[in-house]
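K.L.:
Enclosed is the structure file work20.cif (mmCIF, C-alpha atoms).
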```
data_input
#
loop_
_atom_site.group_PDB
_atom_site.id
_atom_site.type_symbol
_atom_site.label_atom_id
_atom_site.label_comp_id
_atom_site.auth_asym_id
_atom_site.auth_seq_id
_atom_site.Cartn_x
_atom_site.Cartn_y
_atom_site.Cartn_z
ATOM 1 C CA VAL A 1 -49.220 -14.091 -59.466
ATOM 2 C CA GLY A 2 -46.904 -11.389 -58.082
ATOM 3 C CA ALA A 3 -49.609 -9.766 -55.981
ATOM 4 C CA LYS A 4 -48.617 -8.529 -52.523
ATOM 5 C CA VAL A 5 -50.760 -10.315 -50.007
ATOM 6 C CA GLU A 6 -50.936 -11.444 -46.433
ATOM 7 C CA ALA A 7 -51.575 -15.044 -45.605
ATOM 8 C CA ARG A 8 -52.219 -17.066 -42.459
ATOM 9 C CA TYR A 9 -49.143 -19.288 -42.502
ATOM 10 C CA ARG A 10 -50.217 -22.923 -42.025
ATOM 11 C CA GLY A 11 -53.711 -21.745 -41.062
ATOM 12 C CA LYS A 12 -52.573 -19.897 -37.943
ATOM 13 C CA LYS A 13 -54.412 -16.801 -36.730
ATOM 14 C CA LYS A 14 -51.647 -14.313 -37.449
ATOM 15 C CA TRP A 15 -51.280 -12.749 -40.904
ATOM 16 C CA TYR A 16 -47.811 -12.644 -42.533
ATOM 17 C CA ALA A 17 -46.805 -10.475 -45.498
ATOM 18 C CA GLY A 18 -45.703 -12.180 -48.707
ATOM 19 C CA GLU A 19 -46.205 -12.550 -52.447
ATOM 20 C CA VAL A 20 -48.264 -14.955 -54.560
ATOM 21 C CA THR A 21 -45.847 -16.981 -56.687
ATOM 22 C CA LYS A 22 -48.291 -19.513 -58.191
ATOM 23 C CA ALA A 23 -52.050 -19.988 -58.560
ATOM 24 C CA ASP A 24 -53.657 -23.369 -59.097
ATOM 25 C CA GLY A 25 -57.437 -23.062 -59.036
ATOM 26 C CA ASP A 26 -58.475 -22.034 -55.525
ATOM 27 C CA VAL A 27 -55.096 -22.701 -53.905
ATOM 28 C CA TYR A 28 -51.936 -20.655 -54.085
ATOM 29 C CA SER A 29 -48.218 -20.784 -53.438
ATOM 30 C CA VAL A 30 -46.966 -17.920 -51.262
ATOM 31 C CA THR A 31 -43.404 -16.755 -50.663
ATOM 32 C CA TYR A 32 -43.273 -14.884 -47.365
ATOM 33 C CA GLU A 33 -41.046 -11.863 -46.706
ATOM 34 C CA ASP A 34 -39.063 -13.798 -44.110
ATOM 35 C CA GLY A 35 -38.084 -16.331 -46.829
ATOM 36 C CA ASP A 36 -40.514 -19.145 -46.017
ATOM 37 C CA VAL A 37 -42.461 -20.716 -48.949
ATOM 38 C CA GLU A 38 -45.866 -22.357 -48.551
ATOM 39 C CA ASP A 39 -47.822 -24.287 -51.202
ATOM 40 C CA GLY A 40 -51.511 -25.172 -51.326
ATOM 41 C CA VAL A 41 -52.700 -22.130 -49.400
ATOM 42 C CA ALA A 42 -56.499 -21.887 -49.498
ATOM 43 C CA GLU A 43 -58.019 -18.682 -50.830
ATOM 44 C CA GLU A 44 -59.796 -17.897 -47.537
ATOM 45 C CA LEU A 45 -56.396 -17.790 -45.831
ATOM 46 C CA ILE A 46 -55.181 -14.994 -48.114
ATOM 47 C CA ARG A 47 -56.082 -11.293 -48.207
ATOM 48 C CA ALA A 48 -54.892 -8.282 -50.137
ATOM 49 C CA VAL A 49 -52.099 -6.403 -48.458
ATOM 50 C CA GLU A 50 -54.203 -3.214 -48.332
ATOM 51 C CA GLU A 51 -56.425 -4.914 -45.755
ATOM 52 C CA ALA A 52 -53.552 -5.546 -43.438
ATOM 53 C CA ALA A 53 -54.279 -5.085 -39.804
ATOM 54 C CA PRO A 54 -52.691 -2.032 -38.199
ATOM 55 C CA ALA A 55 -49.109 -2.492 -37.086
ATOM 56 C CA PRO A 56 -48.875 -3.859 -33.598
ATOM 57 C CA ALA A 57 -48.108 -1.384 -30.835
ATOM 58 C CA PRO A 58 -44.421 -1.077 -30.027
ATOM 59 C CA ALA A 59 -43.187 -3.325 -27.317
ATOM 60 C CA ALA A 60 -43.305 -1.860 -23.847
ATOM 61 C CA ALA A 61 -40.074 -0.331 -22.600
ATOM 62 C CA ALA A 62 -37.937 -2.570 -20.505
ATOM 63 C CA GLU A 63 -38.876 -2.610 -16.860
ATOM 64 C CA GLU A 64 -36.800 -0.502 -14.550
ATOM 65 C CA GLY A 65 -36.690 -0.871 -10.798
ATOM 66 C CA LYS A 66 -35.650 1.545 -8.090
ATOM 67 C CA TYR A 67 -32.111 0.173 -8.171
ATOM 68 C CA ALA A 68 -30.340 0.132 -11.539
ATOM 69 C CA VAL A 69 -28.548 -2.980 -12.747
ATOM 70 C CA GLY A 70 -24.917 -2.817 -11.627
ATOM 71 C CA SER A 71 -25.505 -0.456 -8.711
ATOM 72 C CA LYS A 72 -23.921 -1.228 -5.348
ATOM 73 C CA VAL A 73 -26.460 -2.134 -2.703
ATOM 74 C CA GLU A 74 -26.889 -3.919 0.589
ATOM 75 C CA CYS A 75 -29.440 -6.688 0.883
ATOM 76 C CA ARG A 76 -31.010 -8.806 3.616
ATOM 77 C CA TYR A 77 -29.919 -12.239 2.384
ATOM 78 C CA LYS A 78 -32.901 -14.636 2.382
ATOM 79 C CA GLY A 79 -34.931 -12.074 4.349
ATOM 80 C CA LYS A 80 -32.680 -12.171 7.398
ATOM 81 C CA LYS A 81 -32.139 -9.087 9.562
ATOM 82 C CA ARG A 82 -28.525 -8.458 8.574
ATOM 83 C CA TYR A 83 -27.585 -6.564 5.408
ATOM 84 C CA TYR A 84 -24.816 -7.846 3.092
ATOM 85 C CA PRO A 85 -23.068 -5.841 0.334
ATOM 86 C CA GLY A 86 -23.462 -6.771 -3.320
ATOM 87 C CA ARG A 87 -24.561 -5.566 -6.767
ATOM 88 C CA VAL A 88 -27.836 -5.660 -8.663
ATOM 89 C CA ALA A 89 -27.498 -8.315 -11.386
ATOM 90 C CA SER A 90 -30.971 -8.004 -12.936
ATOM 91 C CA TYR A 91 -34.527 -6.792 -12.384
ATOM 92 C CA SER A 92 -37.801 -8.333 -13.547
ATOM 93 C CA GLY A 93 -41.380 -8.249 -12.364
ATOM 94 C CA GLY A 94 -40.639 -6.159 -9.293
ATOM 95 C CA GLU A 95 -37.906 -8.500 -8.046
ATOM 96 C CA TYR A 96 -34.137 -8.364 -8.185
ATOM 97 C CA SER A 97 -31.251 -10.753 -8.614
ATOM 98 C CA ILE A 98 -28.270 -9.921 -6.381
ATOM 99 C CA ASP A 99 -24.602 -10.904 -6.700
ATOM 100 C CA TYR A 100 -23.121 -10.643 -3.215
ATOM 101 C CA ASP A 101 -19.522 -9.572 -2.614
ATOM 102 C CA ASP A 102 -18.771 -12.911 -0.909
ATOM 103 C CA GLY A 103 -19.729 -14.815 -4.074
ATOM 104 C CA GLU A 104 -23.286 -15.820 -3.153
ATOM 105 C CA LYS A 105 -26.157 -15.147 -5.589
ATOM 106 C CA GLU A 106 -29.833 -14.669 -4.828
ATOM 107 C CA SER A 107 -32.880 -14.275 -7.092
ATOM 108 C CA GLY A 108 -36.393 -13.006 -6.425
ATOM 109 C CA VAL A 109 -35.321 -10.413 -3.873
ATOM 110 C CA ALA A 110 -38.092 -7.970 -2.935
ATOM 111 C CA GLU A 111 -37.311 -4.258 -3.161
ATOM 112 C CA GLU A 112 -37.983 -3.661 0.539
ATOM 113 C CA LEU A 113 -35.078 -5.969 1.418
ATOM 114 C CA ILE A 114 -32.594 -3.771 -0.453
ATOM 115 C CA ARG A 115 -30.991 -0.452 0.420
ATOM 116 C CA VAL A 116 -28.324 1.749 -1.117
ATOM 117 C CA LEU A 117 -24.833 0.826 0.029
ATOM 118 C CA GLU A 118 -23.672 3.503 2.446
ATOM 119 C CA GLU A 119 -19.940 3.727 1.945
ATOM 120 C CA ALA A 120 -18.132 5.636 4.647
ATOM 121 C CA ALA A 121 -15.712 8.235 3.341
ATOM 122 C CA PRO A 122 -12.170 6.989 3.941
ATOM 123 C CA ALA A 123 -10.268 8.887 6.607
ATOM 124 C CA PRO A 124 -7.289 10.849 5.271
ATOM 125 C CA ALA A 125 -4.100 8.860 5.561
ATOM 126 C CA SER A 126 -1.309 10.231 7.724
ATOM 127 C CA ALA A 127 1.763 11.667 6.054
ATOM 128 C CA SER A 128 3.914 8.633 6.797
ATOM 129 C CA ALA A 129 1.210 6.225 5.627
ATOM 130 C CA ALA A 130 0.703 8.227 2.463
ATOM 131 C CA GLU A 131 4.374 7.920 1.661
ATOM 132 C CA GLU A 132 4.213 4.158 2.067
ATOM 133 C CA ALA A 133 1.076 3.700 -0.065
ATOM 134 C CA THR A 134 2.233 4.088 -3.661
ATOM 135 C CA SER A 135 0.196 4.045 -6.854
ATOM 136 C CA ASP A 136 1.024 0.350 -7.085
ATOM 137 C CA GLY A 137 -0.938 -0.398 -3.884
ATOM 138 C CA PHE A 138 0.284 -1.870 -0.616
ATOM 139 C CA GLU A 139 3.318 -4.094 -0.329
ATOM 140 C CA ALA A 140 3.768 -7.098 1.940
ATOM 141 C CA GLY A 141 4.496 -6.086 5.519
ATOM 142 C CA MET A 142 2.610 -2.774 5.396
ATOM 143 C CA GLN A 143 0.291 -1.903 8.262
ATOM 144 C CA VAL A 144 -3.224 -1.344 6.878
ATOM 145 C CA GLU A 145 -6.884 -1.339 7.773
ATOM 146 C CA ALA A 146 -9.348 -3.535 5.876
ATOM 147 C CA ARG A 147 -13.098 -4.139 5.790
ATOM 148 C CA TYR A 148 -13.261 -7.794 6.886
ATOM 149 C CA LYS A 149 -15.570 -9.700 4.503
ATOM 150 C CA GLY A 150 -16.766 -6.397 3.048
ATOM 151 C CA LYS A 151 -18.308 -5.176 6.291
ATOM 152 C CA LYS A 152 -18.516 -1.465 7.096
ATOM 153 C CA LYS A 153 -16.048 -1.492 9.978
ATOM 154 C CA TRP A 154 -12.314 -1.201 9.360
ATOM 155 C CA TYR A 155 -10.000 -3.639 11.150
ATOM 156 C CA LYS A 156 -6.243 -3.254 11.609
ATOM 157 C CA GLY A 157 -3.895 -5.787 10.094
ATOM 158 C CA THR A 158 -0.826 -6.439 7.969
ATOM 159 C CA VAL A 159 -0.510 -7.146 4.243
ATOM 160 C CA MET A 160 0.879 -10.661 3.848
ATOM 161 C CA LYS A 161 0.775 -10.752 0.039
ATOM 162 C CA ARG A 162 -0.387 -8.698 -2.923
ATOM 163 C CA ASN A 163 -1.947 -10.948 -5.564
ATOM 164 C CA ASP A 164 -1.527 -10.558 -9.325
ATOM 165 C CA ASN A 165 -5.210 -9.635 -9.700
ATOM 166 C CA GLY A 166 -4.833 -6.652 -7.342
ATOM 167 C CA THR A 167 -6.371 -8.311 -4.270
ATOM 168 C CA TYR A 168 -4.579 -8.853 -0.968
ATOM 169 C CA GLU A 169 -3.939 -11.465 1.679
ATOM 170 C CA ILE A 170 -4.488 -9.829 5.087
ATOM 171 C CA MET A 171 -3.451 -10.965 8.573
ATOM 172 C CA TYR A 172 -5.615 -9.072 11.073
ATOM 173 C CA ASP A 173 -4.308 -7.985 14.465
ATOM 174 C CA ASP A 174 -6.863 -10.246 16.176
ATOM 175 C CA GLY A 175 -5.408 -13.319 14.420
ATOM 176 C CA ASP A 176 -7.967 -13.741 11.620
ATOM 177 C CA LYS A 177 -6.767 -14.207 8.031
ATOM 178 C CA GLU A 178 -8.571 -13.232 4.838
ATOM 179 C CA SER A 179 -7.716 -13.911 1.208
ATOM 180 C CA GLY A 180 -8.779 -12.098 -1.951
ATOM 181 C CA VAL A 181 -9.509 -8.771 -0.257
ATOM 182 C CA ALA A 182 -10.427 -6.184 -2.904
ATOM 183 C CA ALA A 183 -8.267 -3.064 -3.084
ATOM 184 C CA ASP A 184 -11.371 -0.944 -2.376
ATOM 185 C CA PHE A 185 -11.572 -2.575 1.043
ATOM 186 C CA VAL A 186 -7.970 -1.789 2.065
ATOM 187 C CA LYS A 187 -6.521 1.536 3.235
ATOM 188 C CA ALA A 188 -3.397 2.771 4.981
ATOM 189 C CA ALA A 189 -3.487 2.376 8.756
ATOM 190 C CA GLU A 190 -4.168 5.555 10.638
ATOM 191 C CA VAL A 191 -1.349 6.769 12.869
ATOM 192 C CA VAL A 192 -2.838 8.364 15.950
ATOM 193 C CA ALA A 193 -0.542 11.013 17.425
ATOM 194 C CA SER A 194 -0.972 11.639 21.127
ATOM 195 C CA ASP A 195 -0.553 15.214 22.350
ATOM 196 C CA GLU A 196 -0.910 14.242 25.988
ATOM 197 C CA ALA A 197 2.405 14.229 27.832
ATOM 198 C CA ALA A 198 2.920 11.610 30.492
ATOM 199 C CA PRO A 199 2.017 13.016 33.913
ATOM 200 C CA ALA A 200 4.978 14.207 35.923
ATOM 201 C CA PRO A 201 5.809 11.969 38.864
ATOM 202 C CA ALA A 202 4.603 13.190 42.218
ATOM 203 C CA PRO A 203 7.346 14.986 44.152
ATOM 204 C CA ALA A 204 9.025 12.882 46.762
ATOM 205 C CA LYS A 205 8.414 13.684 50.367
ATOM 206 C CA ALA A 206 10.979 16.003 51.870
ATOM 207 C CA ALA A 207 13.646 14.211 53.818
ATOM 208 C CA ALA A 208 12.823 14.141 57.496
ATOM 209 C CA PRO A 209 15.092 16.323 59.626
ATOM 210 C CA THR A 210 17.021 14.556 62.327
ATOM 211 C CA PRO A 211 15.555 15.681 65.645
ATOM 212 C CA THR A 212 17.781 16.656 68.498
ATOM 213 C CA GLY A 213 17.278 16.745 72.197
ATOM 214 C CA ALA A 214 14.541 14.978 74.137
ATOM 215 C CA PHE A 215 12.206 12.896 71.957
ATOM 216 C CA THR A 216 8.602 12.332 73.046
ATOM 217 C CA ARG A 217 6.092 9.772 71.853
ATOM 218 C CA GLN A 218 4.295 12.433 69.766
ATOM 219 C CA ASP A 219 7.629 13.517 68.290
ATOM 220 C CA LEU A 220 8.142 9.919 67.158
ATOM 221 C CA TYR A 221 4.782 9.880 65.309
ATOM 222 C CA ASN A 222 5.366 13.320 63.779
ATOM 223 C CA TYR A 223 8.816 12.276 62.621
ATOM 224 C CA ALA A 224 7.503 9.037 61.086
ATOM 225 C CA ASP A 225 4.923 10.987 59.043
ATOM 226 C CA THR A 226 7.685 12.980 57.340
ATOM 227 C CA MET A 227 9.630 9.935 56.153
ATOM 228 C CA PRO A 228 9.867 9.627 52.314
ATOM 229 C CA GLY A 229 8.094 6.872 50.420
ATOM 230 C CA PRO A 230 4.515 5.666 50.142
ATOM 231 C CA GLY A 231 2.617 4.323 53.100
ATOM 232 C CA THR A 232 5.031 5.652 55.713
ATOM 233 C CA GLY A 233 4.055 6.499 59.280
ATOM 234 C CA ALA A 234 4.439 5.232 62.793
ATOM 235 C CA TRP A 235 3.114 1.773 63.570
ATOM 236 C CA ASP A 236 3.365 0.650 67.165
ATOM 237 C CA PRO A 237 0.737 -2.032 67.810
ATOM 238 C CA PHE A 238 2.462 -3.254 71.005
ATOM 239 C CA GLY A 239 2.833 0.187 72.563
ATOM 240 C CA LEU A 240 6.623 -0.036 72.661
ATOM 241 C CA ALA A 241 6.919 3.740 72.795
ATOM 242 C CA ASP A 242 5.254 3.653 76.216
ATOM 243 C CA GLN A 243 7.686 1.099 77.694
ATOM 244 C CA SER A 244 11.093 1.185 79.330
ATOM 245 C CA TRP A 245 13.486 -1.616 78.448
ATOM 246 C CA ALA A 246 16.615 -2.897 80.132
ATOM 247 C CA PHE A 247 18.017 -4.933 77.196
ATOM 248 C CA GLY A 248 20.237 -6.803 79.642
ATOM 249 C CA GLU A 249 21.471 -3.658 81.393
ATOM 250 C CA SER A 250 21.344 -3.348 85.174
ATOM 251 C CA THR A 251 19.493 -0.038 84.865
ATOM 252 C CA PRO A 252 16.416 -0.012 82.617
ATOM 253 C CA PHE A 253 16.304 2.493 79.782
ATOM 254 C CA SER A 254 14.027 5.394 80.342
ATOM 255 C CA ASN A 255 10.953 5.865 78.160
ATOM 256 C CA GLU A 256 12.824 8.611 76.329
ATOM 257 C CA ALA A 257 15.650 6.221 75.569
ATOM 258 C CA THR A 258 13.143 3.645 74.264
ATOM 259 C CA ILE A 259 11.657 6.215 71.932
ATOM 260 C CA GLY A 260 15.115 7.104 70.760
ATOM 261 C CA PHE A 261 15.721 3.435 69.926
ATOM 262 C CA LEU A 262 12.487 3.293 67.964
ATOM 263 C CA ARG A 263 13.447 6.471 66.114
ATOM 264 C CA HIS A 264 16.635 4.859 64.895
ATOM 265 C CA ALA A 265 14.709 1.701 64.024
ATOM 266 C CA GLU A 266 12.530 3.743 61.657
#
```
Could you quickly redo this structure as structure tokens?
P.N.:
Amino acid sequence: VGAKVEARYRGKKKWYAGEVTKADGDVYSVTYEDGDVEDGVAEELIRAVEEAAPAPAPAAAAEEGKYAVGSKVECRYKGKKRYYPGRVASYSGGEYSIDYDDGEKESGVAEELIRVLEEAAPAPASASAAEEATSDGFEAGMQVEARYKGKKKWYKGTVMKRNDNGTYEIMYDDGDKESGVAADFVKAAEVVASDEAAPAPAPAKAAAPTPTGAFTRQDLYNYADTMPGPGTGAWDPFGLADQSWAFGESTPFSNEATIGFLRHAE
């Protein structure tokens, strides 16, 4: 009684350390170090503590994958071609569990379907935008750019509401709406300044001089080409400049007089 021993608790294979508290012939009562008490333990199930088996090897270190738990990644959801942003929730047996930014969860994701999230560096905000964006975030009505559903591309829109949890309600310029947009996915809208001045208007055609003296058919065409305005020029599909007209007079107008009439009609 009082001897330090090891016994096979309830006849199991494993030996547990304890102390003999009672002996009754060939059976014993053993109080184990974990507090359990067992009566009627056969002698063959007990051995001196000096014969204890060597301590078991320390447990293997926890498995670690390529991507640490909590790291931001992109993953091909259910093996599809497109990558979606999320975080590594756990790793076991060469597979990952992923919590996607849109709220979906997926287990058993193979490592080859995961890649490091490539976050584009935000473009510097313009001076005016920087003044508007305070340490408290963006207020309703501000022009911003946001990553719609966590995608890489930034889309222009307007802050409709700033929620108490720091997320935003966004109305995009294309008409789409999105709720619960994380502050990390919102930035001040870029103001693009244009250095290109509007082209100067083309100079107007010089005013046509008023011809004097005899006026020929060629003079009429030359004169028409100098008239201001687009698409100007002589147009005489009926050959009027080659005709003489009486216009009710007893003596017909000469060809020169006809051309003079056409000149005034221009």
K.L.:
Once the PyMOL selection byres ((chain A and resi 147) around 10) is applied to the coordinates I shared, what remains selected? I want it as a list in words.
P.N.:
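Matching residues under the PyMOL selection byres ((chain A and resi 147) around 10) are Glu145, Ala146, Tyr148, Lys149, Gly150, Lys151, Lys152, Lys153, Trp154, Tyr155, Lys156, Val181, Ala182, Asp184, Phe185, Val186 and Lys187 of chain A.
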K.L.:
Record the distance separating atom CA of A:Val116 and atom CA of A:Tyr168, expressed in Å with one decimal.
P.N.:
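We find that atom CA of A:Val116 and atom CA of A:Tyr168 lie 26.0 Å from each other.
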K.L.:
If the PyMOL selection byres ((chain A and resi 9) around 10) were run on this exact file, what residues would it hold? Put them as a list in words.
P.N.:
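Residues picked by the PyMOL selection byres ((chain A and resi 9) around 10): Glu6, Ala7, Arg8, Arg10, Gly11, Lys12, Lys13, Lys14, Trp15, Tyr16, Ala17, Val30, Tyr32, Asp36, Val37, Glu38, Val41, Leu45 and Ile46 of chain A.
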K.L.:
Step by step, gather every atom of stretch 17-22 of chain A that the file lists, find the box along x, y and z that holds them, add 3 Å on each side, and finally give centre and edge lengths in Å to one decimal, as JSON.
P.N.:
```
{"center_x": -47.0, "center_y": -15.0, "center_z": -51.8, "size_x": 8.6, "size_y": 15.0, "size_z": 18.7}
```
K.L.:
So which residues get picked by the PyMOL selection byres ((chain A and resi 67-74) around 7) here, written as a short mmCIF file (atom, residue, chain, number, x, y, z; two decimals) with C-alpha atoms, keeping the file's coordinate frame?
P.N.:
```cif
data_model
loop_
_atom_site.label_atom_id
_atom_site.label_comp_id
_atom_site.auth_asym_id
_atom_site.auth_seq_id
_atom_site.Cartn_x
_atom_site.Cartn_y
_atom_site.Cartn_z
CA GLY A 65 -36.69 -0.87 -10.80
CA LYS A 66 -35.65 1.54 -8.09
CA CYS A 75 -29.44 -6.69 0.88
CA TYR A 83 -27.58 -6.56 5.41
CA TYR A 84 -24.82 -7.85 3.09
CA PRO A 85 -23.07 -5.84 0.33
CA GLY A 86 -23.46 -6.77 -3.32
CA ARG A 87 -24.56 -5.57 -6.77
CA VAL A 88 -27.84 -5.66 -8.66
CA ALA A 89 -27.50 -8.32 -11.39
CA SER A 90 -30.97 -8.00 -12.94
CA ILE A 114 -32.59 -3.77 -0.45
CA ARG A 115 -30.99 -0.45 0.42
CA VAL A 116 -28.32 1.75 -1.12
CA LEU A 117 -24.83 0.83 0.03
#
```
K.L.:
At what distance in Å, to one decimal, does atom CA of A:Gly103 lie from atom CA of A:Glu178?
P.N.:
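Spanning atom CA of A:Glu178 to atom CA of A:Gly103 is a straight-line distance of 14.4 Å.
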K.L.:
For atom CA of A:Asp174 and atom CA of A:Ala189, quote the distance in Å rounded to one decimal.
P.N.:
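For atom CA of A:Asp174 relative to atom CA of A:Ala189, the distance reads 15.0 Å.
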